[in-house]
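Enquirer: My structure is below; once you've seen it, I'll send some questions.
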Amino acid sequence: MTPSYAPTTEGSGSGQGTGGDESVAGGNGDEERLARAGLSRVVEPGDLAALKVFDGLSPLEIWDRLQHNAPGLERWSTRLATADPPRDLERAAAAGARFVIPGDDEWPVEVEVLEEAGQLTRRAGVPFGLWVRGRANLRHAVTRSVAIVGARASSSYGEHVSAELSSGLADNGITIVSGGAFGIDAAAHRGALAAAGTTIAVLACGVDVSYPKRNSALLSRIAEDGLVVAELAPGCAPTKLRFLARNRLIAAVTQGTVVIEAAVRSGALNTAGWAEQCGRPVLAVPGPITSRMSAGSHLLVRERNAVLATNVADIVEAISPFGTNLTQPPRAAQTLTDTLDPDLQRTLDAVPVHNPAPTDNIATTAGLDLPTTQQCLQTLTALTLIIRTPTGWRLPPTTPSPPR
């Protein structure tokens with residue numbers, strides 16, 4: 001079923017990501033903007049009932065029916081009394097935010113994949129609009145972006161990896177998108193900021209609400225140098241279902257999702273599920289097998305075909321067009337002994353580390369005839385891999401012993 005409030009190009013609002021007047025009020029598409037703003041307060045994000053009841057209706061038609069108490073819409077009538085779209089737009093503007101809708105220059109078309117992505121955890125659909133706080137242009141910021149998500153109760157290992165990967169991705173011009181929560185999310189945001197990159201926090205509350213409160217300073221910094229985004233109207237508080245609805249936005253607007261530390265039952269795995277629904281690559285960072293917080297990451301690799309991510313290059317390859325930015329498997333640097341032919345290698349392996357041995361003893365240990373052993377010893381001496389002493393042959397003092 002096509003979502004009833006799927007984005008349309010009706011109206012021609014042109015908010016540019018700098019808080020332009022049309023994203024507050026006035027200008028072309030004003031009525032539609034007000035309707036969508038009102039619906040962002042009245043209709044719960046990703047509400048499946050709304051998808052069914054409002055199927056085929058435009059936002060203007062939905063808002064008009066709600067305003068006129070049309071039959072069958074009682075489910076949403078309780079919130080109408082608190083819905084005041086002009087006031088919400090003014091409140092957003094006072095907080096340095098704007099309301100972006102389809103048709104605006106800043107609207108991220110990537111989110112429209114949710115129209116066909118189906119449902120997960122009883123959530124689905126494209127948002128009516130997005131409340132955006134910050135100076136960056138949302139559409140431009142998510143053009144090349146990665147979601148990094150994970151446990152709130154993260155380990156020092158997980159936070160270190162999150163910050164390092166985010167910083168490295170930011171150095172490659174990739175925007176880091178996460179949920180602004182404690183743990184992995186916060187480390188991802190901080191890693192991007194430390195690299196002077198762009199990061200976006202997608203909230204399960206209003207853009208003017210600092211949640212969690214202990215991350216207030218971080219969210220303010222993100223709003224200054226990146227973006228804070230929400231589907232809910234200003235002032236709205238977070239709930240469990242709103243976090244699940246928020247996860248679909250994180251997955252939809254990015255080119256891939258990286259999971260760092262997640263329990264088997266976690267919000268991070270929910271975001272990964274949405275990425276799968278949206279056809280985006282899912283990557284997982286391995287952790288200790290003794291850690292409960294890594295069990296979900298390992299499950300993604302073992303059961304759900306997630307890409308194992310151990311560095312920035314793995315992530316860049318996964319989100320790049322097919323056949324580009326390919327990585328090479330890690331290989332140890334080749335040493336001189338790696339190039340030796342079998343007889344030379346057998347002879348070298350037979351040369352003692354400390355006590356020199358005569359040629360015949362080395363030949364016996366190597367399992368080679370004496371002439372071949374003598375020739376090999378001379379070659380190895382020329383290569384400075386062994387030395388000759390008055391009592392026989394041995395390895396140089398500074399040469400590590402070859403594996404036995």
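For the structure tokens, the naming scheme is as follows: chains receive sequential letters (A, B, ...) according to their order of presentation, residues are indexed from 1 within each chain, and ligands are indexed from 1 in presentation order.
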List the neighbours of Ala366 in chain A out to 8 Å using only C-alpha atoms; skip same-chain residues closer than 2 positions along the sequence, and give me the result as a PyMOL selection string.

Expert: chain A and resi 346-347+349-350+362-364+368

Enquirer: Please, could you write that set of residues out with N, CA and C atoms as a CSV table (one decimal), in the first residue's frame?

Expert:
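Contents of selection14.csv, freshly written:
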```
chain,number,residue,atom,x,y,z
A,346,ARG,N,64.7,-24.6,3.2
A,346,ARG,CA,65.0,-25.8,4.0
A,346,ARG,C,66.4,-25.7,4.7
A,347,THR,N,67.3,-25.2,3.9
A,347,THR,CA,68.7,-25.0,4.5
A,347,THR,C,68.7,-24.0,5.6
A,349,ASP,N,66.2,-23.0,7.5
A,349,ASP,CA,65.5,-23.6,8.6
A,349,ASP,C,66.4,-24.5,9.5
A,350,ALA,N,67.4,-25.1,8.8
A,350,ALA,CA,68.3,-26.1,9.5
A,350,ALA,C,69.5,-25.4,10.2
A,362,ILE,N,74.0,-29.7,9.0
A,362,ILE,CA,72.9,-28.9,8.4
A,362,ILE,C,72.3,-29.7,7.3
A,363,ALA,N,73.1,-30.4,6.5
A,363,ALA,CA,72.5,-31.2,5.4
A,363,ALA,C,71.6,-32.3,5.9
A,364,THR,N,72.0,-32.9,7.0
A,364,THR,CA,71.2,-34.0,7.6
A,364,THR,C,69.9,-33.4,8.1
A,368,LEU,N,68.9,-32.7,2.7
A,368,LEU,CA,69.5,-32.4,1.4
A,368,LEU,C,70.8,-33.1,1.3
```

Enquirer: Which residues in range 22-260 of chain A does DSSP call strand (DSSP E or B)? List them as a PyMOL selection string.

Expert: chain A and resi 47+97-100+120+123+130-133+145-150+175-178+199-203+227-230+257-260

Enquirer: Quick one: everything within 9 Å of Gln255 in chain A, counting only C-alpha atoms, minus sequence neighbours fewer than 6 positions away in the same chain. Send it as a short mmCIF file (atom, residue, chain, number, x, y, z; two decimals) with N, CA, C and O atoms, in the first residue's frame.

Expert:
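out_17.cif was written with the following content:
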```
data_model
loop_
_atom_site.label_atom_id
_atom_site.label_comp_id
_atom_site.auth_asym_id
_atom_site.auth_seq_id
_atom_site.Cartn_x
_atom_site.Cartn_y
_atom_site.Cartn_z
N GLU A 110 16.21 11.04 -0.36
CA GLU A 110 16.53 9.69 0.10
C GLU A 110 15.45 9.13 1.03
O GLU A 110 15.20 7.92 1.04
N VAL A 142 23.30 14.92 3.46
CA VAL A 142 23.08 13.47 3.45
C VAL A 142 23.42 12.83 2.10
O VAL A 142 23.27 11.63 1.95
N THR A 143 23.87 13.64 1.15
CA THR A 143 24.19 13.08 -0.17
C THR A 143 25.23 11.97 -0.06
O THR A 143 25.17 10.97 -0.77
N ARG A 144 26.18 12.14 0.83
CA ARG A 144 27.20 11.11 1.09
C ARG A 144 27.30 10.97 2.61
O ARG A 144 27.99 11.74 3.28
N SER A 145 26.57 10.01 3.14
CA SER A 145 26.46 9.91 4.59
C SER A 145 26.40 8.47 5.05
O SER A 145 26.02 7.57 4.30
N VAL A 146 26.77 8.27 6.32
CA VAL A 146 26.77 6.94 6.93
C VAL A 146 26.15 7.06 8.31
O VAL A 146 26.43 8.00 9.05
N ALA A 147 25.30 6.10 8.66
CA ALA A 147 24.74 6.03 10.01
C ALA A 147 25.66 5.17 10.87
O ALA A 147 26.04 4.07 10.47
N ALA A 275 17.56 -0.34 7.61
CA ALA A 275 18.51 -0.21 6.50
C ALA A 275 18.30 -1.35 5.50
O ALA A 275 18.32 -1.14 4.27
N ARG A 280 19.69 -0.56 1.90
CA ARG A 280 20.99 0.05 2.18
C ARG A 280 21.92 -1.01 2.79
O ARG A 280 21.47 -1.91 3.50
N PRO A 281 23.22 -0.91 2.55
CA PRO A 281 24.15 -1.88 3.15
C PRO A 281 24.21 -1.74 4.66
O PRO A 281 24.11 -0.64 5.21
N ALA A 318 31.69 -0.15 0.94
CA ALA A 318 30.30 -0.64 1.02
C ALA A 318 29.29 0.38 0.53
O ALA A 318 28.26 0.01 -0.04
N ILE A 319 29.55 1.67 0.74
CA ILE A 319 28.58 2.69 0.36
C ILE A 319 28.86 3.29 -1.01
O ILE A 319 28.09 4.12 -1.50
N SER A 320 29.95 2.87 -1.64
CA SER A 320 30.32 3.43 -2.94
C SER A 320 29.65 2.66 -4.07
O SER A 320 29.23 1.51 -3.91
#
```

Enquirer: May I ask which of the residues A:Arg152, A:Arg388, A:His189, A:Arg36 is the closest one to Leu227 in chain A, counting only C-alpha atoms?

Expert: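 Ranking A:Arg152, A:Arg388, A:His189, A:Arg36 by distance to Leu227 in chain A, first place goes to A:His189.
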
Enquirer: Name all residues at most 7 Å from Trp131 in chain A (count only C-alpha atoms; drop same-chain ones fewer than 5 positions away) and give them as an MDAnalysis selection string.

Expert: chainID A and resid 97:100 207 229:231

Enquirer: Mind dumping the selected residues with C-alpha atoms as a CSV table (one decimal), in the first residue's frame?

Expert:
```
chain,number,residue,atom,x,y,z
A,97,ALA,CA,15.1,25.7,13.3
A,98,ARG,CA,12.9,25.4,10.2
A,99,PHE,CA,10.4,23.0,8.8
A,100,VAL,CA,11.4,21.3,5.5
A,207,VAL,CA,14.5,19.7,17.8
A,229,VAL,CA,16.7,16.8,12.8
A,230,ALA,CA,13.3,15.5,14.0
A,231,GLU,CA,10.0,14.4,12.6
```

Enquirer: Enumerate, as a list in words, the complete set of residues in range 135-178 of chain A that a backbone-based DSSP assignment places in helix (DSSP H, G or I).

Expert: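 Going through range 135-178 of chain A, the helix (DSSP H, G or I) residues come out as Leu138, Arg139, His140, Ala141, Ser156, Tyr157, Gly158, Glu159, His160, Val161, Ser162, Ala163, Glu164, Leu165, Ser166, Ser167, Gly168, Leu169, Ala170 and Asp171 of chain A.
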
Enquirer: Excluding Glu44 in chain A and any residue of its chain fewer than 4 positions from it, enumerate the residues within 10 Å of it, using only C-alpha atoms, and give them as a ChimeraX atom specification.

Expert: /A:39-40,48-50,76,123,127,231-232,241-242,245

Enquirer: Which polymer residues have any atom within 9 Å of an atom of Val177 in chain A, counting only C-alpha atoms, with same-chain residues fewer than 5 positions away left out, as a PyMOL selection string?

Expert: chain A and resi 142+145-149+185+188-189+198-202+250+253-254

Enquirer: Which residues of range 192-289 of chain A have any atom within 12 Å of an atom in range 78-82 of chain A when counting only C-alpha atoms, and what is the closest pair of atoms for each, with the distance in Å to one decimal? Order the rows by chain and rising number and write it as a Markdown table.

Expert:
```
| residue | atom | partner | partner_atom | distance |
| --- | --- | --- | --- | --- |
| A:Ala233 | CA | A:Thr82 | CA | 11.3 |
| A:Gly235 | CA | A:Thr82 | CA | 11.4 |
| A:Cys236 | CA | A:Thr82 | CA | 11.4 |
```

Enquirer: Here is a test: counting only C-alpha atoms, which residue of A:Gln378, A:Asn172, A:Gln277, A:Asn311 is nearest to Ile260 in chain A?

Expert: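 Counting only C-alpha atoms, the residue closest to Ile260 in chain A is A:Asn311.
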
Enquirer: Looking at A:Leu340, A:Leu395, A:Ala313, A:Ala195, which one is nearest to Asp225 in chain A, with distances taken over only C-alpha atoms?

Expert: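 Of all the options, A:Ala195 lies closest to Asp225 in chain A.
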
Enquirer: Between A:Asp64, A:Pro85, A:Ser178, A:Asn355, which residue has the minimum interatomic distance to Ala151 in chain A, considering only C-alpha atoms?

Expert: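 Counting only C-alpha atoms, the residue closest to Ala151 in chain A is A:Ser178.
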
Enquirer: Figure out the distance between CA of Trp107 in chain A and CA of Leu169 in chain A, please, to one decimal in Å.

Expert: 23.5 Å

Enquirer: Hey, what's within 12 Å of Gly158 in chain A if we count only C-alpha atoms and toss same-chain stuff fewer than 4 positions away? As a VMD selection string, please?

Expert: chain A and resid 148 to 154 162 to 165 182 to 188 259 to 262 284 to 288 291 293 to 294 297
